[in-house]
file final_19.pdb (PDB, C-alpha atoms)
ATOM      1  CA  MET A  17     -29.608 -37.169 -16.208
ATOM      2  CA  LYS A  18     -27.594 -36.826 -13.047
ATOM      3  CA  VAL A  19     -23.888 -37.413 -13.078
ATOM      4  CA  ARG A  20     -21.655 -37.331 -10.037
ATOM      5  CA  VAL A  21     -17.968 -36.491 -10.108
ATOM      6  CA  ASP A  22     -15.746 -37.203  -7.098
ATOM      7  CA  VAL A  23     -12.598 -35.119  -6.966
ATOM      8  CA  MET A  24      -9.837 -36.234  -4.600
ATOM      9  CA  LEU A  25      -6.262 -35.184  -3.997
ATOM     10  CA  LYS A  26      -3.903 -37.643  -5.625
ATOM     11  CA  THR A  27      -2.226 -40.236  -3.459
ATOM     12  CA  GLY A  28       0.974 -38.771  -2.119
ATOM     13  CA  VAL A  29      -0.240 -35.173  -2.142
ATOM     14  CA  LEU A  30      -0.401 -33.989   1.471
ATOM     15  CA  ASP A  31      -3.897 -32.969   2.518
ATOM     16  CA  PRO A  32      -3.691 -30.361   5.304
ATOM     17  CA  GLN A  33      -7.472 -30.203   5.703
ATOM     18  CA  GLY A  34      -7.835 -33.979   5.968
ATOM     19  CA  GLU A  35      -5.076 -33.982   8.578
ATOM     20  CA  ALA A  36      -6.914 -31.342  10.616
ATOM     21  CA  VAL A  37     -10.099 -33.425  10.490
ATOM     22  CA  ARG A  38      -8.152 -36.486  11.598
ATOM     23  CA  HIS A  39      -6.792 -34.575  14.609
ATOM     24  CA  ALA A  40     -10.243 -33.264  15.483
ATOM     25  CA  LEU A  41     -11.699 -36.788  15.405
ATOM     26  CA  GLY A  42      -8.884 -37.916  17.691
ATOM     27  CA  SER A  43      -9.604 -35.154  20.167
ATOM     28  CA  LEU A  44     -13.290 -36.173  20.186
ATOM     29  CA  GLY A  45     -12.151 -39.545  21.449
ATOM     30  CA  PHE A  46     -12.355 -41.543  18.233
ATOM     31  CA  ASP A  47      -9.325 -43.779  18.445
ATOM     32  CA  GLY A  48      -7.725 -45.457  15.515
ATOM     33  CA  VAL A  49      -8.510 -42.885  12.823
ATOM     34  CA  GLU A  50      -5.412 -43.522  10.789
ATOM     35  CA  GLY A  51      -6.068 -41.250   7.892
ATOM     36  CA  VAL A  52      -8.575 -38.744   6.522
ATOM     37  CA  ARG A  53      -8.629 -37.472   2.951
ATOM     38  CA  GLN A  54     -11.028 -34.699   2.078
ATOM     39  CA  GLY A  55     -12.323 -34.226  -1.431
ATOM     40  CA  LYS A  56     -15.373 -32.853  -3.133
ATOM     41  CA  VAL A  57     -18.465 -34.191  -4.808
ATOM     42  CA  ILE A  58     -19.839 -32.358  -7.830
ATOM     43  CA  GLU A  59     -23.346 -33.210  -9.032
ATOM     44  CA  LEU A  60     -24.117 -32.342 -12.627
ATOM     45  CA  GLU A  61     -27.574 -32.200 -14.150
ATOM     46  CA  LEU A  62     -26.916 -32.926 -17.817
ATOM     47  CA  ALA A  63     -28.960 -33.274 -20.973
ATOM     48  CA  ASP A  64     -29.884 -36.898 -21.664
ATOM     49  CA  GLY A  65     -27.376 -38.566 -23.905
ATOM     50  CA  THR A  66     -24.356 -36.608 -22.660
ATOM     51  CA  THR A  67     -21.447 -38.970 -23.029
ATOM     52  CA  GLU A  68     -18.893 -39.942 -20.437
ATOM     53  CA  ASP A  69     -16.228 -38.545 -22.746
ATOM     54  CA  THR A  70     -17.843 -35.117 -22.505
ATOM     55  CA  VAL A  71     -17.896 -35.335 -18.710
ATOM     56  CA  LYS A  72     -14.266 -36.406 -18.795
ATOM     57  CA  GLU A  73     -13.463 -33.300 -20.821
ATOM     58  CA  MET A  74     -15.258 -31.173 -18.217
ATOM     59  CA  CYS A  75     -13.104 -32.753 -15.526
ATOM     60  CA  GLU A  76      -9.870 -32.235 -17.425
ATOM     61  CA  LYS A  77     -10.660 -28.645 -18.383
ATOM     62  CA  LEU A  78     -12.182 -27.332 -15.194
ATOM     63  CA  LEU A  79     -13.575 -29.590 -12.488
ATOM     64  CA  ALA A  80     -10.261 -31.095 -11.400
ATOM     65  CA  ASN A  81      -6.732 -29.756 -11.366
ATOM     66  CA  THR A  82      -4.981 -32.869 -12.575
ATOM     67  CA  VAL A  83      -1.631 -31.610 -11.271
ATOM     68  CA  ILE A  84      -2.800 -32.468  -7.754
ATOM     69  CA  GLU A  85      -6.244 -34.038  -8.093
ATOM     70  CA  SER A  86      -7.773 -37.198  -9.519
ATOM     71  CA  TYR A  87     -11.428 -37.613 -10.396
ATOM     72  CA  ARG A  88     -13.946 -40.399 -10.763
ATOM     73  CA  ILE A  89     -17.095 -40.124 -12.868
ATOM     74  CA  HIS A  90     -20.338 -41.855 -11.880
ATOM     75  CA  MET A  91     -22.760 -41.806 -14.799
ATOM     76  CA  GLY A  92     -26.463 -41.940 -13.838
TER      77      GLY A  92
ATOM     78  CA  MET B  25       6.848   0.256 -21.885
ATOM     79  CA  LYS B  26       3.245  -0.875 -21.845
ATOM     80  CA  ALA B  27       1.655  -2.923 -19.111
ATOM     81  CA  ALA B  28      -1.849  -4.358 -18.923
ATOM     82  CA  VAL B  29      -3.360  -5.292 -15.579
ATOM     83  CA  ILE B  30      -6.207  -7.798 -15.721
ATOM     84  CA  VAL B  31      -9.309  -7.232 -13.605
ATOM     85  CA  PHE B  32     -11.434 -10.235 -12.624
ATOM     86  CA  PRO B  33     -14.550 -10.057 -10.479
ATOM     87  CA  GLY B  34     -12.999 -10.267  -7.009
ATOM     88  CA  SER B  35      -9.562  -8.900  -7.911
ATOM     89  CA  ASN B  36      -8.481  -6.486  -5.194
ATOM     90  CA  CYS B  37      -4.806  -5.765  -5.849
ATOM     91  CA  ASP B  38      -5.276  -4.651  -9.443
ATOM     92  CA  ARG B  39      -4.934  -0.932  -8.751
ATOM     93  CA  ASP B  40      -1.958  -1.457  -6.453
ATOM     94  CA  MET B  41      -0.231  -3.311  -9.267
ATOM     95  CA  ALA B  42      -1.111  -0.568 -11.754
ATOM     96  CA  VAL B  43       0.362   2.071  -9.433
ATOM     97  CA  ALA B  44       3.545   0.048  -8.994
ATOM     98  CA  PHE B  45       4.004  -0.199 -12.781
ATOM     99  CA  GLU B  46       3.125   3.479 -13.332
ATOM    100  CA  ARG B  47       5.596   4.701 -10.739
ATOM    101  CA  ALA B  48       8.293   2.672 -12.440
ATOM    102  CA  GLY B  49       7.467   4.535 -15.668
ATOM    103  CA  ALA B  50       5.117   2.162 -17.487
ATOM    104  CA  GLN B  51       1.945   3.089 -19.344
ATOM    105  CA  VAL B  52      -0.769   0.962 -17.796
ATOM    106  CA  SER B  53      -4.156  -0.091 -19.075
ATOM    107  CA  MET B  54      -6.710  -2.025 -17.064
ATOM    108  CA  VAL B  55      -8.263  -4.935 -18.928
ATOM    109  CA  TRP B  56     -11.592  -6.503 -17.950
ATOM    110  CA  HIS B  57     -11.559 -10.298 -17.900
ATOM    111  CA  LYS B  58     -14.351 -10.526 -20.475
ATOM    112  CA  ASP B  59     -12.245  -8.765 -23.087
ATOM    113  CA  THR B  60     -10.919 -11.230 -25.582
ATOM    114  CA  ALA B  61      -7.808  -9.314 -26.631
ATOM    115  CA  LEU B  62      -5.011  -7.450 -24.898
ATOM    116  CA  PRO B  63      -4.301  -3.851 -25.977
ATOM    117  CA  ASP B  64      -1.835  -3.617 -28.880
ATOM    118  CA  ASP B  65       1.879  -3.743 -28.127
ATOM    119  CA  VAL B  66       1.541  -4.774 -24.520
ATOM    120  CA  ASP B  67       4.940  -5.772 -23.124
ATOM    121  CA  ILE B  68       3.831  -7.223 -19.829
ATOM    122  CA  VAL B  69       0.581  -8.511 -18.398
ATOM    123  CA  GLY B  70      -0.007  -8.210 -14.670
ATOM    124  CA  VAL B  71      -2.343 -10.792 -13.141
ATOM    125  CA  PRO B  72      -3.204  -9.318  -9.763
ATOM    126  CA  GLY B  73      -4.058 -10.653  -6.341
ATOM    127  CA  GLY B  74      -7.502 -10.962  -4.871
ATOM    128  CA  PHE B  75     -10.243 -13.545  -4.767
ATOM    129  CA  SER B  76     -11.288 -13.949  -8.385
ATOM    130  CA  PHE B  77     -14.726 -15.559  -8.623
ATOM    131  CA  GLY B  78     -14.790 -15.915  -4.854
ATOM    132  CA  ASP B  79     -12.145 -18.659  -4.993
ATOM    133  CA  TYR B  80     -14.987 -20.983  -6.011
ATOM    134  CA  LEU B  81     -14.035 -24.502  -7.127
ATOM    135  CA  ARG B  82     -10.293 -23.835  -6.666
ATOM    136  CA  CYS B  83      -8.417 -20.548  -6.304
ATOM    137  CA  GLY B  84      -7.828 -19.142  -9.782
ATOM    138  CA  ALA B  85      -9.568 -22.020 -11.582
ATOM    139  CA  ILE B  86     -12.466 -20.068 -13.037
ATOM    140  CA  ALA B  87     -10.376 -16.980 -13.838
ATOM    141  CA  ALA B  88      -8.044 -19.254 -15.786
ATOM    142  CA  LYS B  89     -10.990 -19.985 -18.113
ATOM    143  CA  SER B  90     -12.052 -16.335 -18.527
ATOM    144  CA  PRO B  91     -12.065 -15.025 -22.106
ATOM    145  CA  ILE B  92      -8.937 -12.902 -21.526
ATOM    146  CA  SER B  93      -6.949 -15.880 -20.246
ATOM    147  CA  ALA B  94      -6.537 -17.372 -23.718
ATOM    148  CA  SER B  95      -4.978 -14.052 -24.800
ATOM    149  CA  ILE B  96      -2.652 -14.045 -21.802
ATOM    150  CA  LYS B  97      -1.550 -17.538 -22.716
ATOM    151  CA  ALA B  98      -0.993 -16.565 -26.342
ATOM    152  CA  HIS B  99       0.967 -13.482 -25.227
ATOM    153  CA  ALA B 100       3.211 -15.676 -23.045
ATOM    154  CA  GLU B 101       3.651 -18.222 -25.811
ATOM    155  CA  ARG B 102       4.783 -15.406 -28.132
ATOM    156  CA  GLY B 103       7.494 -14.568 -25.598
ATOM    157  CA  GLY B 104       5.573 -11.816 -23.806
ATOM    158  CA  TYR B 105       6.097 -11.097 -20.132
ATOM    159  CA  VAL B 106       3.590 -11.987 -17.410
ATOM    160  CA  LEU B 107       3.687 -11.242 -13.690
ATOM    161  CA  GLY B 108       1.211 -13.125 -11.503
ATOM    162  CA  VAL B 109       0.984 -12.198  -7.848
ATOM    163  CA  CYS B 110      -0.887 -14.187  -5.195
ATOM    164  CA  ASN B 111      -4.257 -15.041  -6.807
ATOM    165  CA  GLY B 112      -2.489 -14.164 -10.078
ATOM    166  CA  PHE B 113       0.074 -16.899  -9.364
ATOM    167  CA  GLN B 114      -2.794 -19.322  -8.739
ATOM    168  CA  VAL B 115      -4.345 -18.295 -12.065
ATOM    169  CA  LEU B 116      -1.037 -18.894 -13.889
ATOM    170  CA  THR B 117      -0.659 -22.401 -12.456
ATOM    171  CA  GLU B 118      -4.290 -23.143 -13.380
ATOM    172  CA  THR B 119      -3.670 -22.010 -16.964
ATOM    173  CA  GLY B 120      -0.594 -24.232 -17.121
ATOM    174  CA  LEU B 121       1.785 -21.331 -17.782
ATOM    175  CA  LEU B 122       3.642 -22.256 -14.609
ATOM    176  CA  PRO B 123       4.095 -25.720 -13.090
ATOM    177  CA  GLY B 124       2.707 -26.932  -9.772
ATOM    178  CA  ALA B 125      -0.344 -25.900  -7.775
ATOM    179  CA  LEU B 126      -1.136 -23.720  -4.775
ATOM    180  CA  MET B 127      -2.838 -25.656  -1.997
ATOM    181  CA  ARG B 128      -4.342 -24.681   1.364
ATOM    182  CA  ASN B 129      -1.629 -23.436   3.775
ATOM    183  CA  ALA B 130      -0.221 -26.354   5.763
ATOM    184  CA  ASN B 131      -1.274 -24.790   9.082
ATOM    185  CA  LEU B 132      -4.712 -23.977   7.595
ATOM    186  CA  LYS B 133      -4.390 -20.328   8.650
ATOM    187  CA  PHE B 134      -4.707 -17.230   6.510
ATOM    188  CA  VAL B 135      -1.276 -15.648   6.762
ATOM    189  CA  CYS B 136      -0.967 -11.865   6.429
ATOM    190  CA  LYS B 137       2.380 -10.303   7.323
ATOM    191  CA  PRO B 138       5.675  -9.116   5.866
ATOM    192  CA  VAL B 139       7.992 -12.052   5.202
ATOM    193  CA  ASP B 140      11.668 -12.300   4.358
ATOM    194  CA  LEU B 141      12.395 -13.651   0.906
ATOM    195  CA  LYS B 142      15.720 -14.803  -0.423
ATOM    196  CA  VAL B 143      16.440 -13.824  -4.017
ATOM    197  CA  GLU B 144      17.363 -17.193  -5.525
ATOM    198  CA  THR B 145      18.277 -16.000  -8.996
ATOM    199  CA  THR B 146      19.105 -12.688 -10.575
ATOM    200  CA  GLN B 147      18.942 -14.230 -14.050
ATOM    201  CA  SER B 148      15.598 -12.713 -15.039
ATOM    202  CA  ASP B 149      14.271  -9.287 -15.892
ATOM    203  CA  PHE B 150      12.160  -9.495 -12.735
ATOM    204  CA  THR B 151      15.073 -10.013 -10.380
ATOM    205  CA  SER B 152      18.130  -8.527 -12.099
ATOM    206  CA  ASP B 153      18.195  -5.430  -9.871
ATOM    207  CA  TYR B 154      18.505  -7.525  -6.732
ATOM    208  CA  ASP B 155      21.692  -9.196  -5.547
ATOM    209  CA  ALA B 156      21.921 -12.986  -5.564
ATOM    210  CA  GLY B 157      21.091 -14.230  -2.091
ATOM    211  CA  GLN B 158      19.780 -10.832  -1.003
ATOM    212  CA  VAL B 159      17.028 -11.005   1.619
ATOM    213  CA  ILE B 160      14.099  -8.687   0.974
ATOM    214  CA  SER B 161      10.925  -8.044   2.950
ATOM    215  CA  ILE B 162       7.645  -8.371   1.034
ATOM    216  CA  PRO B 163       4.116  -8.836   2.449
ATOM    217  CA  VAL B 164       2.119 -12.033   2.008
ATOM    218  CA  ALA B 165      -1.667 -12.306   2.418
ATOM    219  CA  HIS B 166      -3.094 -15.672   1.479
ATOM    220  CA  HIS B 167      -4.869 -18.822   2.590
ATOM    221  CA  ASP B 168      -3.792 -21.012  -0.318
ATOM    222  CA  GLY B 169      -0.115 -20.385  -0.922
ATOM    223  CA  ASN B 170       1.258 -23.834  -0.226
ATOM    224  CA  TYR B 171       3.210 -24.395  -3.434
ATOM    225  CA  THR B 172       3.065 -28.055  -4.337
ATOM    226  CA  VAL B 173       5.101 -29.648  -7.060
ATOM    227  CA  ASP B 174       6.255 -33.205  -7.687
ATOM    228  CA  ASP B 175       9.867 -34.271  -7.247
ATOM    229  CA  ALA B 176      10.638 -34.462 -10.950
ATOM    230  CA  THR B 177       9.336 -30.938 -11.585
ATOM    231  CA  LEU B 178      11.178 -29.620  -8.557
ATOM    232  CA  ALA B 179      14.402 -31.083  -9.914
ATOM    233  CA  THR B 180      13.724 -29.397 -13.264
ATOM    234  CA  LEU B 181      13.029 -26.044 -11.582
ATOM    235  CA  ARG B 182      16.324 -26.348  -9.719
ATOM    236  CA  ASP B 183      18.335 -27.495 -12.745
ATOM    237  CA  GLN B 184      16.988 -24.625 -14.816
ATOM    238  CA  ASP B 185      17.483 -22.055 -12.030
ATOM    239  CA  ARG B 186      13.792 -21.174 -12.131
ATOM    240  CA  ILE B 187      13.135 -20.636  -8.422
ATOM    241  CA  ALA B 188      13.011 -16.840  -8.196
ATOM    242  CA  PHE B 189      12.361 -16.389  -4.484
ATOM    243  CA  SER B 190      12.266 -18.634  -1.439
ATOM    244  CA  TYR B 191      10.932 -18.005   2.056
ATOM    245  CA  VAL B 192      13.508 -17.570   4.805
ATOM    246  CA  ASP B 193      10.874 -18.796   7.284
ATOM    247  CA  ASN B 194       8.268 -20.842   5.381
ATOM    248  CA  PRO B 195       4.806 -19.463   6.297
ATOM    249  CA  ASN B 196       2.617 -21.932   4.356
ATOM    250  CA  GLY B 197       4.303 -25.302   3.905
ATOM    251  CA  SER B 198       5.449 -24.702   0.313
ATOM    252  CA  THR B 199       7.670 -27.377  -1.193
ATOM    253  CA  ALA B 200      11.340 -26.401  -0.838
ATOM    254  CA  ASP B 201      10.273 -23.028   0.686
ATOM    255  CA  ILE B 202       9.393 -21.807  -2.812
ATOM    256  CA  ALA B 203       7.764 -18.358  -2.934
ATOM    257  CA  GLY B 204       8.030 -17.647  -6.658
ATOM    258  CA  VAL B 205       8.889 -19.500  -9.868
ATOM    259  CA  LEU B 206       9.820 -18.557 -13.418
ATOM    260  CA  SER B 207       8.745 -20.097 -16.700
ATOM    261  CA  GLU B 208      11.312 -21.863 -18.829
ATOM    262  CA  ASN B 209      11.902 -18.751 -20.949
ATOM    263  CA  ARG B 210      12.173 -16.691 -17.697
ATOM    264  CA  ARG B 211       9.509 -14.222 -18.845
ATOM    265  CA  VAL B 212       6.628 -15.437 -16.706
ATOM    266  CA  LEU B 213       6.936 -15.047 -12.940
ATOM    267  CA  GLY B 214       4.397 -16.221 -10.394
ATOM    268  CA  MET B 215       4.824 -15.444  -6.707
ATOM    269  CA  MET B 216       2.627 -15.480  -3.610
ATOM    270  CA  PRO B 217       4.189 -12.412  -1.885
ATOM    271  CA  HIS B 218       3.029  -8.970  -3.046
ATOM    272  CA  PRO B 219       5.872  -6.824  -4.455
ATOM    273  CA  GLU B 220       3.295  -4.152  -5.420
ATOM    274  CA  ARG B 221       2.555  -3.695  -1.729
ATOM    275  CA  ALA B 222       6.157  -2.717  -1.051
ATOM    276  CA  VAL B 223       6.782   0.224  -3.369
ATOM    277  CA  ASP B 224       6.234   3.210  -1.068
ATOM    278  CA  ALA B 225       7.651   4.126   2.333
ATOM    279  CA  ALA B 226       4.041   4.396   3.521
ATOM    280  CA  HIS B 227       3.609   0.699   2.718
ATOM    281  CA  GLY B 228       6.194  -0.040   5.392
ATOM    282  CA  GLY B 229       8.863  -1.063   2.895
ATOM    283  CA  THR B 230      10.106  -0.491  -0.629
ATOM    284  CA  ASP B 231      11.791  -3.783  -1.465
ATOM    285  CA  GLY B 232       9.350  -4.377  -4.322
ATOM    286  CA  VAL B 233      10.501  -1.294  -6.270
ATOM    287  CA  ALA B 234      13.513  -3.020  -7.813
ATOM    288  CA  MET B 235      11.304  -5.567  -9.567
ATOM    289  CA  PHE B 236       9.134  -3.002 -11.348
ATOM    290  CA  ARG B 237      12.148  -0.799 -12.089
ATOM    291  CA  SER B 238      14.150  -3.600 -13.684
ATOM    292  CA  LEU B 239      11.147  -4.776 -15.714
ATOM    293  CA  VAL B 240      10.468  -1.320 -17.096
ATOM    294  CA  ALA B 241      14.160  -0.725 -17.809
ATOM    295  CA  SER B 242      14.660  -3.984 -19.674
ATOM    296  CA  LEU B 243      11.405  -3.786 -21.623
ATOM    297  CA  GLU B 244      12.013  -0.173 -22.671
ATOM    298  CA  THR B 245      15.340  -0.989 -24.205
ATOM    299  CA  ALA B 246      14.021  -4.175 -25.788
TER     300      ALA B 246
END

call {"tool": "encode", "arguments": {"input": "final_19.pdb", "output": "structure tokens"}}
result
Amino acid sequence: MKVRVDVMLKTGVLDPQGEAVRHALGSLGFDGVEGVRQGKVIELELADGTTEDTVKEMCEKLLANTVIESYRIHMG
Amino acid sequence: MKAAVIVFPGSNCDRDMAVAFERAGAQVSMVWHKDTALPDDVDIVGVPGGFSFGDYLRCGAIAAKSPISASIKAHAERGGYVLGVCNGFQVLTETGLLPGALMRNANLKFVCKPVDLKVETTQSDFTSDYDAGQVISIPVAHHDGNYTVDDATLATLRDQDRIAFSYVDNPNGSTADIAGVLSENRRVLGMMPHPERAVDAAHGGTDGVAMFRSLVASLETA
């Protein structure tokens, strides 16, 4: 089974890379880009029957740094 | 006084840190990250700079889960000393031994130069040989040194006098110009600048010597 985890910086944590992307879009002529937040997508290929709780544990222990990041799990 | 310097795949300041401890009079052993135990009677663990595990996922994240990291944590929880420099600081925040996180530099540039640091507290065995408010020059070399901490934690760090060093001219966007922080028991220090790269005139400066000297002196008499 495939599981996707989205990891994003928490609201309120400044994102220097997202800001740089926002500026670059502006200089390409895209007006009105008011904000860009950059995160990561992690695709996991897991044994069938792996529970969401197990994936949550993976996120808490390794995939996200919950001091600055939040995560969202998409099962299957 | 016995020091152990941890070596991860991708560490590149491990030998510099060993030399800095040795010159200050410590006996140093190098410890591979797959070892599960520290050598007996180690007083201080050095977690060196570099690019452990290629900085994959997040800087220091995978090293923080290496077999040796549980022993480092246990050592710290027993009241042992730990010094984390640069990538070592990132590892210590990832293990939870120090608060906050190190994010990409605000200007997105890798910064590599000597910087002026203000000694914010002399109330630790890392900083007791400096003068309060003294400005020292120590090199930085990092891409992810933007120390980020929430307001409540920052207030705690200030109340408990746990900010060890601050940047005179902030090179990376760190909250409150913080360059190094202490644990609550003041025995774990994490800092982005490299004191081990300032222990010989040939390095261009020797302002890091006082840290290793004071550590060895206080741990020998302990």

call {"tool": "closest_atom_pairs", "arguments": {"input": "final_19.pdb", "of": "chain A", "to": "chain B", "cutoff": "12 Å", "atoms": "only C-alpha atoms", "output": "JSON lines"}}
result
{"residue": "A:Val23", "atom": "CA", "partner": "B:Leu81", "partner_atom": "CA", "distance": 10.7}
{"residue": "A:Leu25", "atom": "CA", "partner": "B:Met127", "partner_atom": "CA", "distance": 10.3}
{"residue": "A:Lys26", "atom": "CA", "partner": "B:Asp174", "partner_atom": "CA", "distance": 11.3}
{"residue": "A:Thr27", "atom": "CA", "partner": "B:Asp174", "partner_atom": "CA", "distance": 11.8}
{"residue": "A:Gly28", "atom": "CA", "partner": "B:Asp174", "partner_atom": "CA", "distance": 9.5}
{"residue": "A:Val29", "atom": "CA", "partner": "B:Thr172", "partner_atom": "CA", "distance": 8.1}
{"residue": "A:Leu30", "atom": "CA", "partner": "B:Ala130", "partner_atom": "CA", "distance": 8.8}
{"residue": "A:Asp31", "atom": "CA", "partner": "B:Ala130", "partner_atom": "CA", "distance": 8.2}
{"residue": "A:Pro32", "atom": "CA", "partner": "B:Ala130", "partner_atom": "CA", "distance": 5.3}
{"residue": "A:Gln33", "atom": "CA", "partner": "B:Leu132", "partner_atom": "CA", "distance": 7.1}
{"residue": "A:Gly34", "atom": "CA", "partner": "B:Leu132", "partner_atom": "CA", "distance": 10.6}
{"residue": "A:Glu35", "atom": "CA", "partner": "B:Ala130", "partner_atom": "CA", "distance": 9.5}
{"residue": "A:Ala36", "atom": "CA", "partner": "B:Leu132", "partner_atom": "CA", "distance": 8.3}
{"residue": "A:Val37", "atom": "CA", "partner": "B:Leu132", "partner_atom": "CA", "distance": 11.3}
{"residue": "A:Gly55", "atom": "CA", "partner": "B:Leu81", "partner_atom": "CA", "distance": 11.4}
{"residue": "A:Lys56", "atom": "CA", "partner": "B:Leu81", "partner_atom": "CA", "distance": 9.4}
{"residue": "A:Val57", "atom": "CA", "partner": "B:Leu81", "partner_atom": "CA", "distance": 10.9}
{"residue": "A:Ile58", "atom": "CA", "partner": "B:Leu81", "partner_atom": "CA", "distance": 9.8}
{"residue": "A:Met74", "atom": "CA", "partner": "B:Lys89", "partner_atom": "CA", "distance": 12.0}
{"residue": "A:Cys75", "atom": "CA", "partner": "B:Leu81", "partner_atom": "CA", "distance": 11.8}
{"residue": "A:Glu76", "atom": "CA", "partner": "B:Glu118", "partner_atom": "CA", "distance": 11.4}
{"residue": "A:Lys77", "atom": "CA", "partner": "B:Lys89", "partner_atom": "CA", "distance": 8.7}
{"residue": "A:Leu78", "atom": "CA", "partner": "B:Ala85", "partner_atom": "CA", "distance": 6.9}
{"residue": "A:Leu79", "atom": "CA", "partner": "B:Leu81", "partner_atom": "CA", "distance": 7.4}
{"residue": "A:Ala80", "atom": "CA", "partner": "B:Arg82", "partner_atom": "CA", "distance": 8.7}
{"residue": "A:Asn81", "atom": "CA", "partner": "B:Glu118", "partner_atom": "CA", "distance": 7.3}
{"residue": "A:Thr82", "atom": "CA", "partner": "B:Ala125", "partner_atom": "CA", "distance": 9.6}
{"residue": "A:Val83", "atom": "CA", "partner": "B:Gly124", "partner_atom": "CA", "distance": 6.6}
{"residue": "A:Ile84", "atom": "CA", "partner": "B:Ala125", "partner_atom": "CA", "distance": 7.0}
{"residue": "A:Glu85", "atom": "CA", "partner": "B:Ala125", "partner_atom": "CA", "distance": 10.1}

call {"tool": "residues_near_point", "arguments": {"input": "final_19.pdb", "point": "(11.9, 3.9, -2.4)", "cutoff": "12 Å", "atoms": "all atoms listed in the file", "output": "list in words"}}
result
Ala44, Arg47, Ala48, Ala222, Val223, Asp224, Ala225, Ala226, His227, Gly228, Gly229, Thr230, Asp231, Gly232, Val233, Ala234, Met235, Phe236 and Arg237 of chain B

call {"tool": "axis_aligned_box", "arguments": {"input": "final_19.pdb", "around": "region 46-58 of chain A", "padding_each_side": "6 Å", "output": "AutoDock Vina command-line options"}}
result
--center_x -12.6 --center_y -38.9 --center_z 5.3 --size_x 26.4 --size_y 25.1 --size_z 38.3

call {"tool": "atom_distance", "arguments": {"input": "final_19.pdb", "atom1": "CA of Leu178 (chain B)", "atom2": "CA of Ile162 (chain B)"}}
result
23.6 Å

call {"tool": "atom_distance", "arguments": {"input": "final_19.pdb", "atom1": "CA of Pro72 (chain B)", "atom2": "CA of Leu213 (chain B)"}}
result
12.1 Å

call {"tool": "atom_distance", "arguments": {"input": "final_19.pdb", "atom1": "CA of Val66 (chain B)", "atom2": "CA of Tyr105 (chain B)"}}
result
8.9 Å

call {"tool": "residues_around", "arguments": {"input": "final_19.pdb", "residues": "Thr70 (chain A)", "least_positions_apart": "6", "cutoff": "12 Å", "atoms": "all atoms listed in the file", "output": "list in words"}}
result
Val19, Leu62, Ala63, Glu76, Lys77, Ile89 and Met91 of chain A

call {"tool": "resolve_selection", "arguments": {"input": "final_19.pdb", "expression": "the PyMOL selection byres ((chain B and resi 95) around 12)", "output": "JSON, numbers by chain"}}
result
{"B": [28, 30, 55, 57, 58, 59, 60, 61, 62, 63, 64, 66, 69, 88, 89, 90, 91, 92, 93, 94, 96, 97, 98, 99, 100, 101, 102, 104, 106, 119]}

call {"tool": "closest_residue", "arguments": {"input": "final_19.pdb", "among": "B:Pro138, B:Ser238, B:Met41, B:Val143", "to": "Ser53 (chain B)", "atoms": "only C-alpha atoms"}}
result
B:Met41

call {"tool": "resolve_selection", "arguments": {"input": "final_19.pdb", "expression": "the PyMOL selection byres ((chain A and resi 51) around 9)", "output": "list in words"}}
result
Gly34, Glu35, Arg38, Gly48, Val49, Glu50, Val52 and Arg53 of chain A

call {"tool": "write_last_selection", "arguments": {"input": "final_19.pdb", "atoms": "C-alpha atoms", "output": "PDB file, in the coordinates of the input"}}
result
ATOM      1  CA  GLY A  34      -7.835 -33.979   5.968  1.00  0.00           C
ATOM      2  CA  GLU A  35      -5.076 -33.982   8.578  1.00  0.00           C
ATOM      3  CA  ARG A  38      -8.152 -36.486  11.598  1.00  0.00           C
ATOM      4  CA  GLY A  48      -7.725 -45.457  15.515  1.00  0.00           C
ATOM      5  CA  VAL A  49      -8.510 -42.885  12.823  1.00  0.00           C
ATOM      6  CA  GLU A  50      -5.412 -43.522  10.789  1.00  0.00           C
ATOM      7  CA  VAL A  52      -8.575 -38.744   6.522  1.00  0.00           C
ATOM      8  CA  ARG A  53      -8.629 -37.472   2.951  1.00  0.00           C
TER       9      ARG A  53
END

call {"tool": "closest_residue", "arguments": {"input": "final_19.pdb", "among": "B:Leu141, B:Val212, B:Leu122, B:Met25", "to": "Val52 (chain B)", "atoms": "all atoms listed in the file"}}
result
B:Met25

call {"tool": "residues_around", "arguments": {"input": "final_19.pdb", "residues": "His90 (chain A)", "least_positions_apart": "5", "cutoff": "12 Å", "atoms": "all atoms listed in the file", "output": "list in words"}}
result
Met17, Lys18, Val19, Arg20, Val21, Asp22, Val23, Val57, Ile58, Glu59, Leu60, Thr67, Glu68, Val71 and Lys72 of chain A

call {"tool": "resolve_selection", "arguments": {"input": "final_19.pdb", "expression": "the PyMOL selection byres ((chain B and resi 164) around 10)", "output": "ChimeraX atom specification"}}
result
/B:109-110,134-140,161-163,165-167,169,195,203,215-219,221

call {"tool": "decode", "arguments": {"input": "final_19.pdb", "residues": "region 41-45 of chain A", "atoms": "N, CA and C atoms", "output": "mmCIF file, in the first residue's frame"}}
result
data_model
loop_
_atom_site.group_PDB
_atom_site.id
_atom_site.type_symbol
_atom_site.label_atom_id
_atom_site.label_comp_id
_atom_site.auth_asym_id
_atom_site.auth_seq_id
_atom_site.Cartn_x
_atom_site.Cartn_y
_atom_site.Cartn_z
ATOM 1 N N LEU A 41 8.827 34.262 -8.505
ATOM 2 C CA LEU A 41 7.591 34.295 -9.302
ATOM 3 C C LEU A 41 7.238 35.736 -9.653
ATOM 4 N N GLY A 42 7.437 36.630 -8.684
ATOM 5 C CA GLY A 42 7.165 38.051 -8.943
ATOM 6 C C GLY A 42 8.038 38.587 -10.057
ATOM 7 N N SER A 43 9.327 38.191 -10.039
ATOM 8 C CA SER A 43 10.218 38.738 -11.062
ATOM 9 C C SER A 43 9.972 38.098 -12.430
ATOM 10 N N LEU A 44 9.245 36.971 -12.462
ATOM 11 C CA LEU A 44 8.840 36.395 -13.751
ATOM 12 C C LEU A 44 7.566 37.052 -14.280
ATOM 13 N N GLY A 45 7.038 37.981 -13.510
ATOM 14 C CA GLY A 45 5.867 38.714 -13.975
ATOM 15 C C GLY A 45 4.551 38.190 -13.445
#
